[in-house]
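Engineer: Handing over target.cif, mmCIF, C-alpha atoms and all ligand atoms.
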```cif
data_data
#
loop_
_atom_site.label_atom_id
_atom_site.label_comp_id
_atom_site.auth_asym_id
_atom_site.auth_seq_id
_atom_site.Cartn_x
_atom_site.Cartn_y
_atom_site.Cartn_z
CA MET A 1 65.50 38.87 145.68
CA SER A 2 68.06 38.14 143.01
CA ALA A 3 71.56 37.44 144.23
CA ALA A 4 74.49 39.21 142.61
CA ALA A 5 76.47 36.14 141.53
CA SER A 6 75.62 34.96 138.06
CA PHE A 7 74.73 31.32 137.60
CA LEU A 8 74.14 31.14 133.88
CA ASP A 9 75.57 33.49 131.27
CA VAL A 10 74.78 33.56 127.59
CA GLN A 11 76.48 35.74 125.00
CA ASP A 12 75.57 36.35 121.34
CA LEU A 13 73.02 33.55 121.18
CA GLU A 14 71.33 32.97 117.85
CA VAL A 15 68.98 30.10 117.11
CA CYS A 16 67.52 29.12 113.74
CA ARG A 17 64.46 26.92 113.37
CA GLY A 18 63.23 25.69 109.99
CA GLY A 19 66.05 27.69 108.38
CA VAL A 20 64.83 30.98 109.89
CA ARG A 21 66.60 32.92 112.64
CA VAL A 22 64.08 33.00 115.49
CA LEU A 23 66.28 34.10 118.39
CA ALA A 24 68.96 36.79 118.66
CA ILE A 25 70.06 37.43 122.24
CA PRO A 26 73.26 39.46 122.69
CA SER A 27 73.39 38.76 126.42
CA PHE A 28 71.35 36.92 129.05
CA THR A 29 72.14 36.18 132.71
CA LEU A 30 70.42 34.11 135.34
CA HIS A 31 71.67 34.82 138.85
CA GLU A 32 72.01 32.30 141.64
CA ASN A 33 68.72 31.74 143.50
CA GLU A 34 66.97 34.02 141.04
CA VAL A 35 63.49 33.39 139.69
CA LEU A 36 63.30 35.02 136.29
CA SER A 37 60.24 35.10 134.09
CA LEU A 38 60.27 35.35 130.32
CA ILE A 39 57.14 37.08 129.16
CA GLY A 40 56.00 37.87 125.66
CA PRO A 41 53.28 37.09 123.14
CA ASN A 42 52.92 33.86 121.17
CA GLY A 43 55.93 33.27 118.95
CA ALA A 44 58.16 35.72 120.88
CA GLY A 45 60.78 33.00 121.34
CA LYS A 46 60.28 32.09 125.02
CA SER A 47 60.19 28.32 124.48
CA THR A 48 63.06 28.49 122.03
CA LEU A 49 65.19 30.37 124.56
CA LEU A 50 64.39 27.81 127.28
CA LEU A 51 65.26 24.92 124.97
CA ALA A 52 68.50 26.64 123.95
CA LEU A 53 69.39 27.33 127.61
CA ALA A 54 68.77 23.66 128.39
CA ARG A 55 70.89 22.70 125.37
CA LEU A 56 67.99 20.72 123.96
CA ILE A 57 68.18 22.50 120.60
CA PRO A 58 71.36 23.64 118.90
CA ALA A 59 72.39 27.28 118.70
CA ALA A 60 73.74 28.74 115.45
CA THR A 61 76.11 30.94 117.46
CA GLY A 62 76.76 31.86 121.06
CA THR A 63 78.47 30.84 124.25
CA LEU A 64 76.88 29.48 127.39
CA ARG A 65 78.64 29.52 130.73
CA CYS A 66 77.45 27.94 133.95
CA GLN A 67 79.15 29.38 137.03
CA GLY A 68 81.85 30.67 134.72
CA GLU A 69 82.54 27.31 133.02
CA PRO A 70 81.93 27.29 129.26
CA ILE A 71 79.63 24.45 128.20
CA VAL A 72 81.28 23.31 125.00
CA SER A 73 82.21 19.62 124.87
CA ASP A 74 79.67 16.79 124.83
CA ARG A 75 80.89 15.79 128.24
CA ALA A 76 80.39 19.28 129.68
CA THR A 77 76.93 19.41 128.08
CA PHE A 78 76.00 16.05 129.62
CA ALA A 79 77.17 17.16 133.08
CA TYR A 80 75.42 20.52 132.64
CA ARG A 81 72.09 18.88 131.74
CA ARG A 82 72.23 16.85 134.94
CA ARG A 83 72.22 20.07 136.94
CA LEU A 84 68.92 21.24 135.49
CA ALA A 85 65.33 20.12 135.15
CA MET A 86 62.64 21.18 132.75
CA VAL A 87 58.85 21.22 133.04
CA PHE A 88 56.60 21.68 130.04
CA GLN A 89 53.01 22.80 129.55
CA GLN A 90 51.99 19.15 129.09
CA PRO A 91 53.08 16.97 132.04
CA LEU A 92 54.45 14.12 129.81
CA LEU A 93 54.05 11.39 132.44
CA PHE A 94 54.86 7.69 132.02
CA ASP A 95 52.08 5.12 132.25
CA ALA A 96 53.07 4.12 135.80
CA THR A 97 52.27 5.18 139.35
CA VAL A 98 52.86 8.72 140.57
CA PHE A 99 55.66 7.36 142.78
CA ASP A 100 57.42 5.82 139.77
CA ASN A 101 57.05 9.02 137.78
CA VAL A 102 58.55 11.14 140.55
CA ALA A 103 61.34 8.53 140.91
CA ALA A 104 62.23 8.48 137.20
CA GLY A 105 65.10 10.99 137.23
CA LEU A 106 66.57 9.48 140.39
CA LYS A 107 66.63 5.95 138.96
CA ILE A 108 68.45 7.23 135.86
CA ARG A 109 71.06 8.72 138.19
CA GLY A 110 71.62 5.31 139.74
CA LEU A 111 70.50 6.03 143.31
CA SER A 112 69.84 3.01 145.54
CA ARG A 113 66.24 1.87 146.07
CA GLN A 114 66.28 3.22 149.57
CA GLU A 115 67.64 6.60 148.51
CA VAL A 116 65.09 6.80 145.71
CA ARG A 117 62.28 6.01 148.14
CA SER A 118 63.31 8.57 150.72
CA ARG A 119 63.90 11.32 148.10
CA VAL A 120 60.58 10.65 146.37
CA MET A 121 58.65 10.72 149.64
CA ALA A 122 60.42 13.90 150.76
CA THR A 123 59.60 15.59 147.45
CA MET A 124 55.99 14.43 147.54
CA GLU A 125 55.69 15.86 151.03
CA LEU A 126 57.09 19.13 149.77
CA PHE A 127 54.35 19.16 147.13
CA ASN A 128 51.62 17.95 149.53
CA MET A 129 50.88 14.92 147.37
CA VAL A 130 51.87 11.87 149.42
CA ASN A 131 48.30 10.59 149.08
CA LEU A 132 48.79 10.25 145.32
CA ALA A 133 51.87 7.98 145.51
CA GLU A 134 50.21 4.74 144.37
CA ARG A 135 47.74 6.34 141.95
CA SER A 136 48.16 5.55 138.28
CA ALA A 137 49.38 8.63 136.41
CA ARG A 138 46.62 7.96 133.89
CA LYS A 139 44.01 8.65 136.55
CA LEU A 140 45.20 12.10 137.58
CA SER A 141 43.43 15.40 137.06
CA GLY A 142 45.31 18.04 135.05
CA GLY A 143 46.43 19.77 138.25
CA GLU A 144 47.61 16.53 139.88
CA ALA A 145 49.48 15.56 136.72
CA GLN A 146 51.31 18.89 136.59
CA ARG A 147 52.05 18.62 140.32
CA THR A 148 53.59 15.18 139.62
CA SER A 149 55.62 16.61 136.78
CA LEU A 150 56.95 19.41 139.02
CA ALA A 151 57.73 16.92 141.78
CA ARG A 152 59.64 14.74 139.30
CA ALA A 153 61.68 17.78 138.28
CA PHE A 154 62.44 18.82 141.88
CA ALA A 155 63.19 15.26 143.05
CA ILE A 156 66.60 15.37 141.37
CA ARG A 157 67.37 18.54 143.37
CA PRO A 158 68.25 20.56 140.29
CA GLU A 159 70.38 23.66 140.64
CA MET A 160 68.12 25.37 138.12
CA ILE A 161 64.75 24.65 136.65
CA PHE A 162 63.22 25.76 133.36
CA LEU A 163 59.44 25.98 133.31
CA ASP A 164 57.58 26.41 130.03
CA GLU A 165 54.03 27.67 130.66
CA PRO A 166 53.47 25.06 133.41
CA PHE A 167 50.11 26.45 134.54
CA VAL A 168 48.50 27.44 131.27
CA ALA A 169 46.17 24.44 131.00
CA LEU A 170 44.90 24.62 134.60
CA ASP A 171 41.74 26.20 135.98
CA PRO A 172 42.24 29.32 138.17
CA PRO A 173 42.01 27.74 141.67
CA THR A 174 44.24 24.81 140.70
CA ARG A 175 46.70 27.19 139.05
CA GLN A 176 46.73 29.40 142.15
CA ALA A 177 47.36 26.48 144.53
CA LEU A 178 50.18 25.08 142.42
CA MET A 179 51.72 28.52 141.96
CA ASP A 180 51.68 29.10 145.73
CA ASP A 181 53.42 25.76 146.30
CA LEU A 182 55.97 26.40 143.56
CA ASP A 183 56.73 29.83 145.00
CA ARG A 184 57.30 28.34 148.46
CA ILE A 185 59.43 25.47 147.13
CA LEU A 186 61.61 27.73 144.97
CA THR A 187 62.27 29.90 148.03
CA GLU A 188 62.89 26.96 150.36
CA THR A 189 65.22 25.15 147.97
CA GLY A 190 66.93 28.25 146.53
CA THR A 191 66.64 26.78 143.04
CA ALA A 192 67.29 29.26 140.24
CA ALA A 193 64.41 29.24 137.78
CA VAL A 194 63.41 30.55 134.38
CA LEU A 195 59.65 30.60 133.82
CA ALA A 196 58.20 31.21 130.36
CA THR A 197 54.71 32.63 130.48
CA HIS A 198 52.50 34.99 128.57
CA ASP A 199 50.66 35.79 131.79
CA GLN A 200 52.12 38.91 133.40
CA LEU A 201 50.30 38.26 136.68
CA GLU A 202 51.98 34.85 136.96
CA ALA A 203 55.32 36.57 136.32
CA LEU A 204 54.57 39.24 138.91
CA ARG A 205 53.58 36.65 141.46
CA LEU A 206 56.63 34.43 141.10
CA SER A 207 59.63 36.29 139.81
CA ASP A 208 62.45 38.53 140.98
CA ARG A 209 63.08 39.74 137.44
CA MET A 210 61.02 39.96 134.30
CA VAL A 211 62.50 39.67 130.83
CA VAL A 212 60.16 40.80 128.07
CA MET A 213 60.62 39.18 124.66
CA ASN A 214 59.28 40.12 121.26
CA GLN A 215 60.14 38.63 117.87
CA GLY A 216 63.09 36.64 119.16
CA GLU A 217 64.70 39.52 121.04
CA ILE A 218 64.83 40.75 124.62
CA VAL A 219 63.19 44.15 124.71
CA GLN A 220 63.33 44.85 128.45
CA SER A 221 64.71 43.32 131.60
CA GLY A 222 63.99 44.60 135.10
CA THR A 223 62.19 43.98 138.33
CA PRO A 224 58.46 43.37 137.86
CA VAL A 225 57.73 46.82 139.30
CA GLU A 226 60.15 48.49 136.87
CA VAL A 227 58.75 46.70 133.85
CA MET A 228 55.13 47.31 134.87
CA ASN A 229 55.62 50.99 135.71
CA GLN A 230 58.45 52.02 133.41
CA PRO A 231 58.05 50.13 130.14
CA VAL A 232 60.76 50.96 127.60
CA ASP A 233 58.42 51.21 124.64
CA GLU A 234 54.81 51.03 123.50
CA PHE A 235 55.01 47.27 122.90
CA VAL A 236 56.05 46.54 126.50
CA ALA A 237 53.55 49.10 127.79
CA SER A 238 50.64 47.44 126.05
CA PHE A 239 51.88 43.95 126.89
CA VAL A 240 51.99 44.67 130.62
CA GLY A 241 48.51 46.16 130.63
CA MET A 242 49.51 49.81 130.51
CA GLU A 243 46.27 50.90 128.91
CA ASN A 244 46.98 54.62 128.91
CA VAL A 245 49.77 55.23 126.42
CA LEU A 246 49.46 58.86 125.31
CA THR A 247 51.27 61.15 122.90
CA GLY A 248 51.57 64.92 123.39
CA THR A 249 53.69 67.92 122.48
CA VAL A 250 56.29 69.13 124.98
CA LEU A 251 55.74 72.75 126.00
CA ALA A 252 58.62 73.06 128.48
CA THR A 253 60.76 71.38 131.12
CA ALA A 254 61.23 73.25 134.40
CA ALA A 255 62.50 72.03 137.77
CA GLY A 256 62.52 68.44 136.52
CA LEU A 257 58.89 68.55 135.41
CA VAL A 258 57.89 68.21 131.77
CA THR A 259 54.69 69.96 130.69
CA VAL A 260 52.99 68.41 127.70
CA ALA A 261 50.01 69.67 125.72
CA LEU A 262 47.43 67.10 124.76
CA ALA A 263 44.00 67.98 123.38
CA GLU A 264 44.10 71.43 125.00
CA ARG A 265 45.04 69.97 128.37
CA ARG A 266 48.36 70.38 130.17
CA ILE A 267 49.88 67.26 131.71
CA GLU A 268 52.89 67.43 134.04
CA PHE A 269 55.28 64.65 134.96
CA PRO A 270 58.93 64.13 135.94
CA GLY A 271 61.52 63.99 133.17
CA THR A 272 63.39 66.07 130.65
CA ALA A 273 62.32 66.88 127.12
CA ALA A 274 62.80 69.85 124.83
CA ALA A 275 59.96 72.17 123.85
CA GLY A 276 58.39 71.09 120.56
CA GLU A 277 59.34 67.42 120.96
CA THR A 278 56.73 64.70 120.78
CA ALA A 279 56.47 62.82 124.08
CA VAL A 280 55.07 59.32 124.48
CA PHE A 281 54.09 58.63 128.06
CA CYS A 282 51.91 56.27 130.04
CA ILE A 283 49.82 56.05 133.20
CA ARG A 284 48.66 52.84 134.86
CA PRO A 285 44.84 52.74 135.05
CA GLU A 286 44.97 51.91 138.74
CA HIS A 287 46.76 55.23 139.35
CA VAL A 288 43.90 57.30 137.93
CA THR A 289 41.44 58.59 140.56
CA ILE A 290 37.82 59.56 139.83
CA ASP A 291 35.89 62.15 141.86
CA ILE A 292 32.40 63.54 141.45
CA PHE A 293 33.44 67.03 142.61
CA ASP A 294 36.49 69.01 141.56
CA PRO A 295 39.23 67.85 143.97
CA ALA A 296 41.62 70.65 142.93
CA GLY A 297 41.97 72.17 146.41
CA GLU A 298 42.17 68.82 148.18
CA THR A 299 44.47 66.65 146.13
CA SER A 300 48.23 66.71 145.80
CA ALA A 301 47.82 65.35 142.27
CA ARG A 302 49.14 67.81 139.70
CA ASN A 303 46.94 66.57 136.90
CA VAL A 304 43.22 67.16 137.41
CA PHE A 305 40.73 67.28 134.51
CA PRO A 306 36.97 67.27 134.00
CA ALA A 307 35.88 64.16 132.13
CA THR A 308 32.88 62.23 130.86
CA ILE A 309 32.42 58.52 131.47
CA ARG A 310 32.10 56.87 128.08
CA LYS A 311 31.91 53.21 129.02
CA ILE A 312 31.99 51.00 132.13
CA ILE A 313 33.19 47.45 131.56
CA PRO A 314 33.03 44.92 134.43
CA THR A 315 36.12 42.70 134.60
CA GLY A 316 35.41 40.75 137.80
CA VAL A 317 36.96 42.47 140.80
CA PHE A 318 37.55 45.76 138.97
CA GLN A 319 35.45 47.93 136.73
CA LYS A 320 37.23 49.39 133.76
CA ILE A 321 36.12 52.99 133.26
CA HIS A 322 36.69 54.55 129.84
CA LEU A 323 36.85 58.32 130.17
CA ASP A 324 36.94 61.22 127.78
CA CYS A 325 38.89 64.16 129.18
CA GLY A 326 39.69 65.66 125.79
CA PHE A 327 41.88 62.58 125.34
CA SER A 328 40.90 59.00 126.20
CA LEU A 329 41.87 57.61 129.57
CA VAL A 330 41.14 54.31 131.32
CA ALA A 331 40.77 54.01 135.11
CA TYR A 332 40.18 50.94 137.25
CA LEU A 333 37.74 51.16 140.14
CA THR A 334 36.68 48.53 142.61
CA ASN A 335 33.02 47.50 142.44
CA GLN A 336 32.56 49.13 145.81
CA SER A 337 33.97 52.50 144.70
CA LEU A 338 31.79 52.41 141.60
CA GLY A 339 28.72 51.91 143.80
CA ASN A 340 29.77 54.57 146.34
CA LEU A 341 30.32 57.18 143.63
CA HIS A 342 27.09 56.27 141.76
CA LEU A 343 28.90 56.33 138.46
CA ASP A 344 27.14 55.74 135.16
CA GLU A 345 27.94 56.06 131.52
CA GLY A 346 27.54 59.70 130.42
CA LYS A 347 28.19 61.11 133.92
CA ARG A 348 30.50 64.13 134.27
CA VAL A 349 33.34 63.54 136.74
CA PHE A 350 36.89 64.70 137.53
CA VAL A 351 39.96 62.56 136.97
CA SER A 352 43.26 63.11 138.69
CA PHE A 353 46.66 61.48 138.69
CA LYS A 354 49.94 62.42 140.28
CA ALA A 355 52.86 63.65 138.21
CA THR A 356 54.83 60.67 139.52
CA ALA A 357 52.18 58.26 138.18
CA VAL A 358 53.20 59.24 134.65
CA HIS A 359 56.12 57.49 132.99
CA LEU A 360 57.84 59.13 130.02
CA ILE A 361 58.55 56.38 127.49
CA ARG A 362 60.40 58.57 125.02
CA ALA A 363 60.59 62.08 123.63
CA GLY A 364 61.94 63.23 120.31
CA LYS A 365 61.23 65.11 117.13
N1 LIG B 1 59.94 23.36 115.50
C1 LIG B 1 59.95 24.54 114.89
N2 LIG B 1 60.30 24.69 113.60
C2 LIG B 1 60.34 25.89 113.00
N3 LIG B 1 60.03 27.04 113.61
C3 LIG B 1 59.66 26.98 114.88
C4 LIG B 1 59.59 25.74 115.61
N4 LIG B 1 59.20 25.99 116.86
C5 LIG B 1 59.02 27.33 116.95
N5 LIG B 1 59.31 27.91 115.76
C6 LIG B 1 59.25 29.37 115.47
O1 LIG B 1 60.13 30.01 116.37
C7 LIG B 1 59.56 31.25 116.79
C8 LIG B 1 59.54 31.30 118.30
O2 LIG B 1 58.63 30.32 118.77
P1 LIG B 1 58.52 29.93 120.30
O3 LIG B 1 57.65 28.71 120.38
O4 LIG B 1 59.86 29.87 120.88
O5 LIG B 1 57.76 31.19 120.89
P2 LIG B 1 57.00 31.33 122.27
O6 LIG B 1 57.28 32.71 122.74
O7 LIG B 1 57.37 30.22 123.18
O8 LIG B 1 55.50 31.22 121.82
P3 LIG B 1 54.27 30.47 122.54
O9 LIG B 1 53.88 31.35 123.68
O10 LIG B 1 53.25 30.43 121.45
O11 LIG B 1 54.74 29.11 122.96
C9 LIG B 1 58.20 31.37 116.14
O12 LIG B 1 58.33 32.17 114.99
C10 LIG B 1 57.88 29.95 115.76
O13 LIG B 1 57.08 29.91 114.60
#
```
Show the structure stored in the file as C-alpha cells.
Ligand SMILES: Nc1ncnc2c1ncn2[C@@H]1O[C@H](COP(=O)(O)OP(=O)(O)OP(=O)(O)O)[C@@H](O)[C@H]1O
Structural biologist:
Amino acid sequence: MSAAASFLDVQDLEVCRGGVRVLAIPSFTLHENEVLSLIGPNGAGKSTLLLALARLIPAATGTLRCQGEPIVSDRATFAYRRRLAMVFQQPLLFDATVFDNVAAGLKIRGLSRQEVRSRVMATMELFNMVNLAERSARKLSGGEAQRTSLARAFAIRPEMIFLDEPFVALDPPTRQALMDDLDRILTETGTAAVLATHDQLEALRLSDRMVVMNQGEIVQSGTPVEVMNQPVDEFVASFVGMENVLTGTVLATAAGLVTVALAERRIEFPGTAAAGETAVFCIRPEHVTIDIFDPAGETSARNVFPATIRKIIPTGVFQKIHLDCGFSLVAYLTNQSLGNLHLDEGKRVFVSFKATAVHLIRAGK
C-alpha cells in the first residue's frame, strides 16, 4: 500500500505543446514505494504528464520537488534524472546484445566492468531472462524486447520509474506474464512507479492508487476500489466500466437512505439529497443479481424489480445481460450462471441489488 511520505510533489503544473495548453495540474503527489497509475482516454495527457515529471519536456509553469528538494537548476535536474528511469510503449533497444542493452545505463554511470556484469546478471535473473543475454536485440519477440527494456530501466536501481503504456503492444498471455513479473519486482525493490495506461484492469492489477485524467486535468484520485465503485462523475463512471449510470428524481431522504423515482420504480441507496432534486447514481453490473422467481422474501437487497431480458452479449468469461426493468440495466453473469438459470432473450426475470451497491454521483436541481 502507499506509504505516507511523499516522494515527488508537483504544484501548479502547466504544459503547452504546439502552442496549446495540454496539461493543467494544480497538485500531484507520488508517495514513496507507491505504484500509481494514470488512466484516461487517448489524448488525456498521460504521456505529457510522465514526460513533464521526468523533466523531458519543459513546463510553462509549476514547481517539482523530489523528497522536498525543488528541482530548479540544470545541475539539480541532471541529478534528479539519474534517480529515475522511463519505459515507453516501444522498447527502443540498441542494435546490440540483450546484455549490452541492459548494461547501457550502468556504463553511462561509469561502473566498472565487473560491477556492470554482476548488476546486469542480477537484473536479468530478476526478470527471468538470463537465457537471452547473448541474443541480438534484433531477434527478440515483442515480449522479450519489452522485458529487456524493463530490465535496462531497473538495472540502474532507479528510485522511481515512469512507464508509458509498456504492455499495450503485447498479446494477452505475454502481457500477463510481464505484468506479474513487474508487480513482483516493484514490490521487491520498493521502487515508486507511475504507470500510464488506458487499460483499467492493468491499473487495478498493479497500482495502489489510480489517477484518472481527462483533457489535461486530473478528475479523480483514489484507491482502485474507490475509483471503480465511487466515481466522481459520469465521465469517470463510464471510463471505469460503470455501465449503469442512472438519473432519477429524489422523493425523500430518511435514516440515511435516499429514495429515488425512476420510471415508476423506487430505488433506495445510502446518501443525502433533497426531495425534488435530480440524482445521478450508478451500480456496477457485477453487483446486479438475476433470479427467475421473485426473491423478495429471501434477499436482503432493498431493490428488487421484475425485468425482461433484452439482449445477451457474450464477452468471454462473462455474459453481459441487458435488462429492461422500466429503466435499462446491465448485469454480468458467468457462463455457468447463465446456463443454470436457462436465461434467454425475452425471458421475464427479477433483478435485485443492495442499497449499498448504488453510488450517488451527484444530486442537485
Ligand atoms: N508533440 C506534440 N505536439 C503537440 N501536441 C501534442 C504533442 N504530443 C501530444 N500533444 C497533444 O497533447 C495532448 C495530450 O496528449 P498525450 O499524448 O499526453 O495524451 P495521452 O493521454 O498520453 O494519450 P494516448 O493514450 O493517446 O497516448 C493531446 O491533445 C495531444 O494532441
Engineer: I want to know what sits within 8 Å of segment 257-261 of chain A, based on only C-alpha atoms, with residues of the same chain fewer than 5 positions away left out; could you give that as an MDAnalysis selection string?
Structural biologist: chainID A and resid 248:252 266:273 279
Engineer: Counting all atoms listed in the file, what are the residues, protein, DNA or RNA alike, that approach ligand LIG 1 (chain B) to within 9 Å? I want them as a PDB file with C-alpha atoms, in the coordinates of the input.
Structural biologist:
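So the final result, stored in out17.pdb, reads:
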```pdb
ATOM      1  CA  VAL A  15      68.980  30.100 117.110  1.00  0.00           C
ATOM      2  CA  CYS A  16      67.520  29.120 113.740  1.00  0.00           C
ATOM      3  CA  ARG A  17      64.460  26.920 113.370  1.00  0.00           C
ATOM      4  CA  GLY A  18      63.230  25.690 109.990  1.00  0.00           C
ATOM      5  CA  GLY A  19      66.050  27.690 108.380  1.00  0.00           C
ATOM      6  CA  VAL A  20      64.830  30.980 109.890  1.00  0.00           C
ATOM      7  CA  ARG A  21      66.600  32.920 112.640  1.00  0.00           C
ATOM      8  CA  VAL A  22      64.080  33.000 115.490  1.00  0.00           C
ATOM      9  CA  LEU A  23      66.280  34.100 118.390  1.00  0.00           C
ATOM     10  CA  LEU A  38      60.270  35.350 130.320  1.00  0.00           C
ATOM     11  CA  ILE A  39      57.140  37.080 129.160  1.00  0.00           C
ATOM     12  CA  GLY A  40      56.000  37.870 125.660  1.00  0.00           C
ATOM     13  CA  PRO A  41      53.280  37.090 123.140  1.00  0.00           C
ATOM     14  CA  ASN A  42      52.920  33.860 121.170  1.00  0.00           C
ATOM     15  CA  GLY A  43      55.930  33.270 118.950  1.00  0.00           C
ATOM     16  CA  ALA A  44      58.160  35.720 120.880  1.00  0.00           C
ATOM     17  CA  GLY A  45      60.780  33.000 121.340  1.00  0.00           C
ATOM     18  CA  LYS A  46      60.280  32.090 125.020  1.00  0.00           C
ATOM     19  CA  SER A  47      60.190  28.320 124.480  1.00  0.00           C
ATOM     20  CA  THR A  48      63.060  28.490 122.030  1.00  0.00           C
ATOM     21  CA  LEU A  49      65.190  30.370 124.560  1.00  0.00           C
ATOM     22  CA  LEU A  50      64.390  27.810 127.280  1.00  0.00           C
ATOM     23  CA  LEU A  51      65.260  24.920 124.970  1.00  0.00           C
ATOM     24  CA  ASP A 164      57.580  26.410 130.030  1.00  0.00           C
ATOM     25  CA  GLU A 165      54.030  27.670 130.660  1.00  0.00           C
ATOM     26  CA  ALA A 196      58.200  31.210 130.360  1.00  0.00           C
ATOM     27  CA  THR A 197      54.710  32.630 130.480  1.00  0.00           C
ATOM     28  CA  HIS A 198      52.500  34.990 128.570  1.00  0.00           C
ATOM     29  CA  MET A 213      60.620  39.180 124.660  1.00  0.00           C
ATOM     30  CA  ASN A 214      59.280  40.120 121.260  1.00  0.00           C
ATOM     31  CA  GLN A 215      60.140  38.630 117.870  1.00  0.00           C
ATOM     32  CA  GLY A 216      63.090  36.640 119.160  1.00  0.00           C
TER      33      GLY A 216
END
```
Engineer: For Leu206 of chain A, list every protein, DNA or RNA residue within 8 Å, evaluated using only C-alpha atoms, and leave out those in the same chain fewer than 3 positions away; present the list as an MDAnalysis selection string.
Structural biologist: chainID A and resid 35 37 179 183 202:203
Engineer: Report as a ChimeraX atom specification all protein, DNA and RNA residues lying within 6 Å of Gly62 of chain A, evaluated on only C-alpha atoms, omitting residues in the same chain fewer than 3 positions from it.
Structural biologist: /A:11-13
Engineer: To one decimal place, how far is atom CA of Arg362 of chain A from atom CA of Val225 of chain A in Å?
Structural biologist: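 Interatomic distance, atom CA of Arg362 of chain A to atom CA of Val225 of chain A: 18.7 Å.
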Engineer: Would you mind reading off the distance between atom CA of Ile313 of chain A and atom CA of Val349 of chain A, one decimal, in Å?
Structural biologist: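 Between atom CA of Ile313 of chain A and atom CA of Val349 of chain A the gap works out to 16.9 Å.
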Engineer: Mind checking which residues fall within 7 Å of segment 103-110 of chain A, counting only C-alpha atoms, ignoring those fewer than 2 positions away in the same chain, and posting them as number ranges by chain?
Structural biologist: A: 99-101, 112, 116, 120, 152, 156
Engineer: What is the distance, in Å and to one decimal place, between atom CA of Phe293 of chain A and atom CA of Val358 of chain A?
Structural biologist: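 Rounded to one decimal, the two atoms are 22.7 Å apart.
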Engineer: Would you list the contacts of Gly364 of chain A as a list of chain:residue names, taking every protein, DNA or RNA residue within 9 Å and counting all atoms listed in the file, but skipping same-chain residues closer than 5 positions in sequence?
Structural biologist: A:Ala273, A:Ala274, A:Gly276, A:Glu277, A:Thr278, A:Ala279, A:Val280
Engineer: From the options A:Glu243, A:Glu188, A:Glu264, A:Glu14, which residue's atoms come nearest to Cys325 of chain A, counting all atoms listed in the file?
Structural biologist: A:Glu264
Engineer: Hey, which of A:Val87, A:Ala76, A:Leu36, A:Met121 ends up closest to Met210 of chain A? Count all atoms listed in the file.
Structural biologist: A:Leu36
Engineer: A:Glu125, A:Glu286, A:Asp180, A:Asp208: which is nearest Val330 of chain A, counting only C-alpha atoms?
Structural biologist: A:Glu286
Engineer: Using all atoms listed in the file, which of A:Val304, A:Val10, A:Phe88, A:Ala24 sits nearest Gln67 of chain A?
Structural biologist: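 Ranked by minimum distance to Gln67 of chain A, first place goes to A:Val10.
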Engineer: Rank A:Phe239, A:Ser221, A:Glu144, A:Gln89 by their smallest atom-to-atom distance to Pro166 of chain A, using only C-alpha atoms, and report the top residue only.
Structural biologist: A:Gln89
